[in-house]
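Shown next: coords_32.tsv, given as TSV, C-alpha atoms.
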chain	number	residue	atom	x	y	z
A	1	MET	CA	0.00	0.00	0.00
A	2	THR	CA	1.26	3.49	-0.91
A	3	ILE	CA	0.12	6.15	1.51
A	4	ASP	CA	-1.50	9.32	0.17
A	5	LYS	CA	0.39	11.83	2.30
A	6	LYS	CA	-1.85	14.75	1.47
A	7	LYS	CA	-4.99	12.82	2.42
A	8	PHE	CA	-3.30	11.60	5.60
A	9	TRP	CA	-2.69	15.17	6.73
A	10	GLU	CA	-6.03	16.50	5.55
A	11	ASP	CA	-7.70	13.86	7.74
A	12	LYS	CA	-5.35	14.28	10.71
A	13	ILE	CA	-4.01	17.80	11.10
A	14	ILE	CA	-6.93	19.78	12.55
A	15	GLY	CA	-7.79	17.21	15.21
A	16	TRP	CA	-4.11	16.71	16.04
A	17	GLU	CA	-3.57	20.45	16.49
A	18	ASP	CA	-6.66	20.82	18.66
A	19	ILE	CA	-5.42	18.06	20.93
A	20	ARG	CA	-1.76	19.09	21.09
A	21	TYR	CA	-1.96	22.88	21.01
A	22	LYS	CA	-5.49	23.89	21.95
A	23	ARG	CA	-5.59	21.23	24.67
A	24	ASP	CA	-8.93	19.81	23.55
A	25	THR	CA	-8.92	16.42	25.30
A	26	THR	CA	-12.49	15.47	24.41
A	27	ASN	CA	-11.54	12.62	22.09
A	28	PHE	CA	-8.49	11.30	23.91
A	29	ASN	CA	-8.10	7.55	24.19
A	30	ILE	CA	-6.44	5.96	27.23
A	31	PHE	CA	-2.94	6.05	25.78
A	32	GLU	CA	-3.29	9.65	24.58
A	33	ASN	CA	-4.34	10.66	28.09
A	34	PHE	CA	-1.16	9.06	29.39
A	35	VAL	CA	0.93	10.85	26.78
A	36	ASN	CA	-0.81	14.16	27.50
A	37	LYS	CA	-0.06	13.97	31.21
A	38	THR	CA	3.58	13.01	30.82
A	39	ASN	CA	4.65	14.89	27.72
A	40	LYS	CA	4.32	18.66	27.12
A	41	THR	CA	7.19	18.73	24.69
A	42	LEU	CA	5.27	20.17	21.75
A	43	ILE	CA	4.09	23.23	23.67
A	44	TYR	CA	7.61	23.78	24.96
A	45	ARG	CA	8.99	23.34	21.44
A	46	LEU	CA	6.56	25.90	20.02
A	47	ASN	CA	7.32	28.49	22.68
A	48	THR	CA	11.06	27.90	22.55
A	49	ALA	CA	11.14	28.31	18.77
A	50	PHE	CA	9.58	31.72	19.23
A	51	LYS	CA	12.01	32.66	22.02
A	52	ILE	CA	14.92	31.71	19.76
A	53	LEU	CA	13.62	33.75	16.86
A	54	GLU	CA	12.17	36.72	18.75
A	55	PRO	CA	15.34	38.84	19.07
A	56	LEU	CA	16.12	38.24	15.39
A	57	LEU	CA	12.79	39.17	13.84
A	58	LYS	CA	12.95	42.94	13.39
A	59	ASN	CA	12.32	43.76	9.69
A	60	LYS	CA	13.13	40.18	8.69
A	61	ARG	CA	11.33	37.89	6.22
A	62	ILE	CA	10.32	34.63	7.92
A	63	VAL	CA	9.22	31.37	6.30
A	64	GLU	CA	7.79	28.39	8.17
A	65	LEU	CA	7.71	24.97	6.52
A	66	GLY	CA	4.93	22.67	7.70
A	67	CYS	CA	3.21	25.57	9.42
A	68	GLY	CA	-0.12	23.84	10.07
A	69	SER	CA	-2.57	26.50	11.24
A	70	GLY	CA	0.22	29.02	11.74
A	71	PHE	CA	0.11	29.30	15.52
A	72	LEU	CA	3.31	31.39	15.64
A	73	ALA	CA	2.42	33.82	12.86
A	74	GLU	CA	0.79	36.44	15.09
A	75	ARG	CA	3.64	36.50	17.58
A	76	ILE	CA	6.20	36.72	14.79
A	77	ILE	CA	4.47	39.62	13.04
A	78	ASN	CA	3.79	41.47	16.30
A	79	SER	CA	7.50	41.16	17.17
A	80	GLY	CA	8.46	43.22	14.16
A	81	ALA	CA	8.96	40.78	11.30
A	82	LYS	CA	8.65	42.31	7.85
A	83	SER	CA	6.67	39.29	6.64
A	84	TYR	CA	5.73	35.73	7.53
A	85	ILE	CA	4.94	33.03	4.96
A	86	GLY	CA	3.71	29.60	6.00
A	87	TYR	CA	3.61	26.49	3.82
A	88	ASP	CA	1.81	23.25	4.59
A	89	ILE	CA	0.65	20.24	2.60
A	90	SER	CA	-2.81	20.43	4.19
A	91	GLU	CA	-5.33	22.77	2.58
A	92	LYS	CA	-7.52	22.54	5.68
A	93	ALA	CA	-4.70	23.82	7.87
A	94	ILE	CA	-3.88	26.61	5.42
A	95	SER	CA	-7.53	27.64	5.28
A	96	ARG	CA	-7.70	27.86	9.07
A	97	ALA	CA	-4.38	29.73	9.21
A	98	THR	CA	-5.64	32.25	6.66
A	99	ASN	CA	-8.85	32.79	8.61
A	100	ILE	CA	-6.95	33.24	11.87
A	101	SER	CA	-4.62	35.79	10.26
A	102	LYS	CA	-7.65	37.82	9.17
A	103	GLU	CA	-9.18	37.63	12.65
A	104	LYS	CA	-5.88	38.77	14.20
A	105	LYS	CA	-5.51	41.50	11.55
A	106	ILE	CA	-2.07	40.35	10.42
A	107	ASN	CA	-3.13	39.27	6.94
A	108	GLU	CA	-1.29	42.15	5.26
A	109	LYS	CA	2.01	40.67	6.42
A	110	ALA	CA	1.21	36.97	6.97
A	111	PHE	CA	0.51	34.68	4.01
A	112	PHE	CA	-0.21	30.96	3.74
A	113	PHE	CA	0.11	28.47	0.88
A	114	SER	CA	-0.69	24.80	0.50
A	115	LYS	CA	2.36	23.10	-1.00
A	116	SER	CA	4.44	20.03	-0.33
A	117	ILE	CA	8.18	20.44	0.13
A	118	LYS	CA	8.93	19.00	-3.32
A	119	GLU	CA	6.57	21.52	-4.96
A	120	MET	CA	8.54	24.46	-3.58
A	121	SER	CA	11.29	26.37	-5.33
A	122	ASP	CA	14.03	28.59	-3.90
A	123	ILE	CA	12.97	30.40	-0.74
A	124	GLU	CA	13.64	34.11	-0.40
A	125	ALA	CA	13.76	34.77	3.33
A	126	ASP	CA	16.08	35.79	6.13
A	127	TYR	CA	15.05	32.86	8.35
A	128	VAL	CA	13.47	29.51	7.50
A	129	PHE	CA	12.18	27.33	10.31
A	130	SER	CA	10.13	24.20	10.90
A	131	LEU	CA	8.75	22.33	13.90
A	132	GLY	CA	8.67	18.60	13.40
A	133	THR	CA	8.30	18.76	9.61
A	134	THR	CA	11.55	16.86	9.09
A	135	ASP	CA	10.05	13.90	10.97
A	136	TRP	CA	7.78	13.23	8.00
A	137	LEU	CA	10.15	13.77	5.10
A	138	GLU	CA	11.79	11.12	2.96
A	139	ASP	CA	15.46	11.57	2.09
A	140	ASP	CA	14.81	13.27	-1.25
A	141	GLU	CA	12.36	15.67	0.41
A	142	LEU	CA	14.78	16.44	3.23
A	143	ASP	CA	17.52	17.09	0.69
A	144	HIS	CA	15.24	19.43	-1.26
A	145	MET	CA	14.25	21.30	1.89
A	146	PHE	CA	17.82	22.27	2.63
A	147	TYR	CA	18.51	23.04	-1.02
A	148	ILE	CA	15.67	25.56	-1.32
A	149	SER	CA	16.59	27.06	2.08
A	150	ARG	CA	20.27	27.46	1.25
A	151	ASN	CA	20.18	31.28	1.07
A	152	SER	CA	18.59	31.68	4.51
A	153	GLU	CA	19.47	31.06	8.12
A	154	ASN	CA	17.84	27.79	9.17
A	155	LEU	CA	16.17	26.59	12.39
A	156	HIS	CA	14.52	23.17	12.47
A	157	SER	CA	13.36	20.84	15.20
A	158	ILE	CA	14.10	17.18	14.57
A	159	SER	CA	13.41	13.98	16.46
A	160	GLU	CA	16.91	12.88	17.36
A	161	ASP	CA	17.62	9.16	17.13
A	162	ARG	CA	18.23	8.12	20.74
A	163	ASN	CA	17.94	4.85	22.60
A	164	SER	CA	15.61	6.20	25.29
A	165	LEU	CA	12.41	5.12	27.01
A	166	PRO	CA	10.40	8.18	25.81
A	167	GLN	CA	11.38	7.40	22.23
A	168	LEU	CA	10.45	3.75	22.60
A	169	LEU	CA	7.06	4.79	23.99
A	170	HIS	CA	6.63	7.21	21.14
A	171	LYS	CA	7.38	4.52	18.55
A	172	PHE	CA	4.88	2.21	20.24
A	173	TYR	CA	2.22	4.91	20.34
A	174	VAL	CA	2.49	5.97	16.70
A	175	PHE	CA	2.54	2.38	15.48
A	176	LEU	CA	-0.61	1.50	17.41
A	177	SER	CA	-2.35	4.77	16.54
A	178	TYR	CA	-1.77	4.79	12.80
A	179	GLY	CA	1.50	3.21	11.68
A	180	ARG	CA	0.01	-0.25	11.27
A	181	LYS	CA	-2.74	1.24	9.07
A	182	THR	CA	-0.61	3.56	6.93
A	183	ASP	CA	2.10	1.30	5.53
A	184	LYS	CA	4.40	2.46	8.35
A	185	TYR	CA	4.05	6.14	7.49
A	186	ILE	CA	5.33	7.32	10.86
A	187	PRO	CA	7.81	9.92	12.17
A	188	ARG	CA	11.51	9.48	11.49
A	189	TYR	CA	14.37	9.84	13.95
A	190	TYR	CA	17.65	11.36	12.77
A	191	LYS	CA	21.28	11.12	13.69
A	192	THR	CA	22.62	14.65	13.98
A	193	GLU	CA	25.42	13.81	11.55
A	194	LYS	CA	22.86	13.43	8.76
A	195	ILE	CA	21.44	16.91	9.28
A	196	SER	CA	24.89	18.46	9.66
A	197	SER	CA	26.00	16.93	6.37
A	198	LEU	CA	23.05	18.49	4.53
A	199	ILE	CA	23.69	21.90	6.08
A	200	LYS	CA	27.34	21.66	5.06
A	201	LYS	CA	26.39	20.51	1.56
A	202	TYR	CA	23.95	23.30	0.76
A	203	ILE	CA	24.44	26.12	3.25
A	204	ASN	CA	28.12	25.71	4.12
A	205	LYS	CA	27.76	27.00	7.66
A	206	PRO	CA	28.50	25.50	11.08
A	207	THR	CA	25.69	23.50	12.66
A	208	PHE	CA	24.44	24.25	16.16
A	209	TYR	CA	22.25	22.04	18.34
A	210	PHE	CA	19.93	22.90	21.20
A	211	ARG	CA	18.67	20.20	23.56
A	212	ASN	CA	16.54	20.42	26.66
A	213	LYS	CA	14.99	17.63	28.71
A	214	LYS	CA	11.61	19.32	28.34
A	215	MET	CA	11.74	18.41	24.65
A	216	SER	CA	12.49	14.76	25.41
A	217	PHE	CA	14.26	13.48	22.25
A	218	GLY	CA	13.45	16.63	20.27
A	219	THR	CA	16.42	18.74	19.18
A	220	PHE	CA	16.72	22.12	17.51
A	221	VAL	CA	19.22	22.31	14.66
A	222	SER	CA	20.32	25.70	13.38
A	223	THR	CA	22.85	27.60	11.29
A	224	PHE	CA	23.26	30.17	14.08
A	225	GLU	CA	24.06	29.94	17.77
A	226	ILE	CA	21.18	29.44	20.22
A	227	LYS	CA	21.36	30.44	23.86
A	228	GLU	CA	20.02	28.20	26.59
A	229	TYR	CA	16.34	28.49	27.57
A	230	LYS	CA	14.61	27.05	30.61

Translate the structure of the given file into structure tokens.
Amino acid sequence: MTIDKKKFWEDKIIGWEDIRYKRDTTNFNIFENFVNKTNKTLIYRLNTAFKILEPLLKNKRIVELGCGSGFLAERIINSGAKSYIGYDISEKAISRATNISKEKKINEKAFFFSKSIKEMSDIEADYVFSLGTTDWLEDDELDHMFYISRNSENLHSISEDRNSLPQLLHKFYVFLSYGRKTDKYIPRYYKTEKISSLIKKYINKPTFYFRNKKMSFGTFVSTFEIKEYK
């Protein structure tokens, strides 16, 4: 079976966001309740990404890959960014992001487009970032992502390949939840050397890593130094 990635995300993204970011626990199953109580990594990741970018935003062009409903767009624009552009494979997420931007009155500076990574051409921006998008990319897509971002500073969160209990639980959860039904279309875990090699290949800058126990096995990878955040 070949998974239709676009359909997968059209069916999944809105409910997933409502559970993970809006904290709507109405439809939680037993295992999701366990995960929700023990793992707040995604909220921390979202807030930390903004803290990292905040002092750099003034008059800068920002692009987010895999933006979903664009939950950081308002904060980015209100912190002085010249523009924010979000891309996501899901049209439903882009539609909601566009509506939110109009409600927040940032739609003159924030723009959203439904595209997959492979459909995108060279990005013109000062900073390109993503939160978890790399987890769902195949090697050719990952390669293309860094190629089209080569003229920008990069900040991406990855799931780092570690032999840890949280990661084992995560693998078990995603397999039971949907992996067994989607031809093993599940998140990927990366060795940092793989990401560093792509940054060196296309961007030719040093690679910096940011880790915090609040992100479990999540790791920020960047082309610029990141200070420590609690």

For Pro206 of chain A, find every residue with an atom within 10 Å (counting all atoms listed in the file), except residues of its own chain fewer than 5 positions away, and show them as a list of chain:residue names.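 Within the cut-off, the hits are A:Ser196, A:Ile199, A:Lys200, A:Ser222, A:Thr223, A:Phe224, A:Glu225.
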
May I have the protein, DNA and RNA residues with any atom at most 10 Å from the point (14.9, 18.5, 16.1), counting all atoms listed in the file, written as a PyMOL selection string? chain A and resi 45+130-135+155-161+189-190+192+195+209-211+215+217-222

Selection above as a file: C-alpha atoms, as a compact mmCIF listing (two decimals), keeping the file's coordinate frame:
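Below you can see part13.txt, which holds the result:
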# COMPACT_ATOMS: atom_id res chain seq x y z
CA ARG A 45 8.99 23.34 21.44
CA SER A 130 10.13 24.20 10.90
CA LEU A 131 8.75 22.33 13.90
CA GLY A 132 8.67 18.60 13.40
CA THR A 133 8.30 18.76 9.61
CA THR A 134 11.55 16.86 9.09
CA ASP A 135 10.05 13.90 10.97
CA LEU A 155 16.17 26.59 12.39
CA HIS A 156 14.52 23.17 12.47
CA SER A 157 13.36 20.84 15.20
CA ILE A 158 14.10 17.18 14.57
CA SER A 159 13.41 13.98 16.46
CA GLU A 160 16.91 12.88 17.36
CA ASP A 161 17.62 9.16 17.13
CA TYR A 189 14.37 9.84 13.95
CA TYR A 190 17.65 11.36 12.77
CA THR A 192 22.62 14.65 13.98
CA ILE A 195 21.44 16.91 9.28
CA TYR A 209 22.25 22.04 18.34
CA PHE A 210 19.93 22.90 21.20
CA ARG A 211 18.67 20.20 23.56
CA MET A 215 11.74 18.41 24.65
CA PHE A 217 14.26 13.48 22.25
CA GLY A 218 13.45 16.63 20.27
CA THR A 219 16.42 18.74 19.18
CA PHE A 220 16.72 22.12 17.51
CA VAL A 221 19.22 22.31 14.66
CA SER A 222 20.32 25.70 13.38

Can you check which parts of segment 85-134 of chain A lie within 12 Å of segment 2-21 of chain A? Per residue, the shortest pair of atoms and distance in Å to one decimal, counting all atoms listed in the file, sorted by chain and number, as CSV.
residue,atom,partner,partner_atom,distance
A:Asp88,CA,A:Trp9,CA,9.5
A:Ile89,CA,A:Lys6,CA,6.1
A:Ser90,CA,A:Glu10,CA,5.3
A:Glu91,CA,A:Glu10,CA,7.0
A:Lys92,CA,A:Glu10,CA,6.2
A:Ala93,CA,A:Ile14,CA,6.6
A:Ile94,CA,A:Ile14,CA,10.3
A:Ser95,CA,A:Ile14,CA,10.7
A:Arg96,CA,A:Ile14,CA,8.8
A:Ala97,CA,A:Ile14,CA,10.8
A:Ser114,CA,A:Lys6,CA,10.2
A:Lys115,CA,A:Lys6,CA,9.7
A:Ser116,CA,A:Lys6,CA,8.4
A:Ile117,CA,A:Lys6,CA,11.6
A:Thr133,CA,A:Trp9,CA,11.9

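In terms of minimum interatomic distance to Asp140 of chain A, A:Leu198 ranks closest within A:Leu198, A:Lys213, A:Glu193, A:Leu56, counting all atoms listed in the file.
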
What is the distance, in Å and to one decimal place, between atom CA of Gly86 of chain A and atom CA of Asn212 of chain A?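 Separation of atom CA of Gly86 of chain A and atom CA of Asn212 of chain A: 26.0 Å.
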
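The residue that comes closest to Asn151 of chain A, out of A:Lys191, A:Lys205, A:Lys102, A:Lys171 and on the basis of all atoms listed in the file, is A:Lys205.
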
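Atom CA of Asp126 of chain A is found 14.8 Å from atom CA of Tyr147 of chain A.
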
Computed interatomic separation between atom CA of Lys109 of chain A and atom CA of Pro55 of chain A (Å):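 A separation of 18.5 Å between them.
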
Selected residue of minimal separation from Tyr127 of chain A among A:Glu74, A:Glu64, A:Glu153, A:Asp143, counting all atoms listed in the file: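 Among A:Glu74, A:Glu64, A:Glu153, A:Asp143, it is A:Glu153 that comes nearest to Tyr127 of chain A.
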
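You can rank A:Met145, A:Ile52, A:Ile43, A:Lys118 by their closest distance to Glu228 of chain A using all atoms listed in the file, and at the top of that list sits A:Ile52.
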